[in-house]
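So the structure is just underneath, and the comments pick up after that.
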Amino acid sequence: GRRPPVRTPVLVAGAAIGLSGFTVASLYSRVTDGLGLPSTFLGVLASAQGAGSILGGLVAGRVLARRGPVGVAAAGAALFAAGCLLWCLPWWPALIAGSATVGVGLPWTLVAAVTAVQTGTPDRLLGRVSATATTVMFGPIALTNPLGAAAVHAGGRVPLIIAAAGALTAAAAVAGRRSAEAGQDDRADRDEHQRDEPVAVPLDQGDHPPVRAEP
């Protein structure tokens, strides 16, 4: 059968994971400066994100079987964006909900990308493709972490909004591409069905069999 696409899930995972690094300093700022909570509250958020990751991992296999790596990557990016927006709300339960949501979304993008690499790459290329995919997914954090720290000076919510917009853009682009590909597949199926249908060829008038008159 046709191998599943590899590039799209890896790029979506790289975008989401990279943008997560962009939000680290902003989340610290939201906890201590935005809501005036003690820094120890970050441990609560880490626990909530871990719980979300466990929950997401338990259902990831079933969702992958239904939606495929591309669909799961897009869903994970959308959940990450939703979590970032929850972090923007001036209410500590929203911070917990946002961390749990991010805990589901980010692992989904990673699981989708790794699954696409493992199932969509020929055996002889698997090592090189895996190494490249890992660099694409985790390399950007080295750049987005300091950029996010600098962006906090523009406001505690600014990096979160930027990250949410970037992740939603990636998810929407994937969803639009999937819709377009689905439409192309439907048209191809219709064209093939039409080619397979027998064509009725009209007979010439002289080709009609003679009609006998009934007595």
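By convention here, the chains of the structure tokens are called A, B, ... in the order presented, each chain's residues are numbered starting at 1, and ligands are numbered starting at 1 in the order presented.
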Within 10 Å of segment 19-30 of chain A, which residues of segment 88-149 of chain A show up? Give each one with its shortest atom-to-atom distance in Å (one decimal) and the two atoms involved, counting only C-alpha atoms, rows by chain then rising residue number, as JSON lines.
```
{"residue": "A:Cys88", "atom": "CA", "partner": "A:Arg30", "partner_atom": "CA", "distance": 7.7}
{"residue": "A:Leu89", "atom": "CA", "partner": "A:Arg30", "partner_atom": "CA", "distance": 9.2}
{"residue": "A:Pro90", "atom": "CA", "partner": "A:Arg30", "partner_atom": "CA", "distance": 8.5}
{"residue": "A:Trp92", "atom": "CA", "partner": "A:Arg30", "partner_atom": "CA", "distance": 9.6}
{"residue": "A:Leu95", "atom": "CA", "partner": "A:Leu27", "partner_atom": "CA", "distance": 8.8}
{"residue": "A:Ser99", "atom": "CA", "partner": "A:Leu27", "partner_atom": "CA", "distance": 9.8}
{"residue": "A:Val102", "atom": "CA", "partner": "A:Ser20", "partner_atom": "CA", "distance": 8.9}
{"residue": "A:Leu106", "atom": "CA", "partner": "A:Ser20", "partner_atom": "CA", "distance": 8.4}
{"residue": "A:Phe138", "atom": "CA", "partner": "A:Gly21", "partner_atom": "CA", "distance": 9.6}
{"residue": "A:Pro140", "atom": "CA", "partner": "A:Gly21", "partner_atom": "CA", "distance": 8.3}
{"residue": "A:Ile141", "atom": "CA", "partner": "A:Gly21", "partner_atom": "CA", "distance": 5.3}
{"residue": "A:Ala142", "atom": "CA", "partner": "A:Gly21", "partner_atom": "CA", "distance": 8.1}
{"residue": "A:Leu143", "atom": "CA", "partner": "A:Gly21", "partner_atom": "CA", "distance": 8.4}
{"residue": "A:Thr144", "atom": "CA", "partner": "A:Phe22", "partner_atom": "CA", "distance": 4.8}
{"residue": "A:Asn145", "atom": "CA", "partner": "A:Gly21", "partner_atom": "CA", "distance": 4.8}
{"residue": "A:Pro146", "atom": "CA", "partner": "A:Phe22", "partner_atom": "CA", "distance": 7.6}
{"residue": "A:Leu147", "atom": "CA", "partner": "A:Phe22", "partner_atom": "CA", "distance": 6.5}
{"residue": "A:Gly148", "atom": "CA", "partner": "A:Phe22", "partner_atom": "CA", "distance": 4.2}
{"residue": "A:Ala149", "atom": "CA", "partner": "A:Ala25", "partner_atom": "CA", "distance": 5.1}
```
With a distance cut-off of 9 Å and only C-alpha atoms, select the neighbouring residues of Phe80 of chain A, excluding the residue or stretch itself and same-chain residues fewer than 6 positions from it, and output the selection as a list in words.
Ala16, Ser20, Gly98, Thr101, Val102, Gly103, Val104, Gly105, Leu106, Ala163, Ala164, Ala167 and Leu168 of chain A
Selection to disk with N, CA and C atoms, as a short mmCIF file (atom, residue, chain, number, x, y, z; two decimals), in the first residue's frame:
```
data_model
loop_
_atom_site.label_atom_id
_atom_site.label_comp_id
_atom_site.auth_asym_id
_atom_site.auth_seq_id
_atom_site.Cartn_x
_atom_site.Cartn_y
_atom_site.Cartn_z
N ALA A 16 4.89 22.91 16.89
CA ALA A 16 4.26 22.92 18.21
C ALA A 16 5.29 22.83 19.33
N SER A 20 6.30 25.67 22.06
CA SER A 20 6.20 25.42 23.51
C SER A 20 7.38 26.04 24.24
N GLY A 98 -5.22 24.74 31.20
CA GLY A 98 -4.34 24.95 30.06
C GLY A 98 -3.15 24.00 30.07
N THR A 101 -4.36 20.59 29.04
CA THR A 101 -4.63 20.55 27.61
C THR A 101 -3.35 20.48 26.80
N VAL A 102 -2.37 21.28 27.18
CA VAL A 102 -1.07 21.22 26.51
C VAL A 102 -0.44 19.84 26.71
N GLY A 103 -0.66 19.25 27.90
CA GLY A 103 -0.12 17.92 28.16
C GLY A 103 -0.68 16.87 27.23
N VAL A 104 -1.91 17.06 26.75
CA VAL A 104 -2.47 16.14 25.77
C VAL A 104 -1.95 16.46 24.37
N GLY A 105 -1.95 17.74 24.03
CA GLY A 105 -1.66 18.15 22.65
C GLY A 105 -0.22 17.91 22.22
N LEU A 106 0.74 18.31 23.02
CA LEU A 106 2.14 18.17 22.60
C LEU A 106 2.55 16.72 22.37
N ALA A 163 2.23 32.04 20.17
CA ALA A 163 2.34 30.59 20.07
C ALA A 163 1.01 29.97 19.66
N ALA A 164 -0.08 30.45 20.24
CA ALA A 164 -1.40 29.92 19.88
C ALA A 164 -1.70 30.18 18.41
N ALA A 167 0.44 27.81 16.21
CA ALA A 167 -0.03 26.42 16.23
C ALA A 167 -1.36 26.27 15.50
N LEU A 168 -2.26 27.24 15.68
CA LEU A 168 -3.54 27.17 14.97
C LEU A 168 -3.34 27.29 13.46
#
```
Nearest to Leu110 of chain A, chosen from A:Gly43, A:Gly34, A:Gly76, A:Gly50, with only C-alpha atoms counted in the distances:
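Between A:Gly43, A:Gly34, A:Gly76, A:Gly50, the residue approaching Leu110 of chain A most closely is A:Gly76.
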For Val72 of chain A, list every protein, DNA or RNA residue within 9 Å, evaluated using only C-alpha atoms, and leave out those in the same chain fewer than 4 positions away; present the list as a PyMOL selection string.
chain A and resi 9+60+63-64+67-68+76-77+108-109+111-112
Quick one: pull the distance between atom CA of Arg7 of chain A and atom CA of Ala73 of chain A, Å, one decimal.
11.3 Å
Atom-to-atom span, atom CA of Thr169 of chain A and atom CA of Arg128 of chain A, Å
28.6 Å
Sel. of helix (DSSP H, G or I) residues, chain A, as number ranges by chain:
A: 7-22, 24-34, 41-87, 92-120, 123-138, 141-154, 158-196, 205-207
Find the distance between atom CA of Arg66 of chain A and atom CA of Gly83 of chain A and write it in Å to one decimal.
23.5 Å
Rank nothing, just name the residue among A:Ala113, A:Leu126, A:Val31, A:Leu85 nearest to Val158 of chain A, using only C-alpha atoms.
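Closest residue, counting only C-alpha atoms: A:Leu85.
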Which one is closest to Trp91 of chain A: A:Val59, A:Ala15, A:Ile162, A:Leu35? Count only C-alpha atoms.
A:Leu35
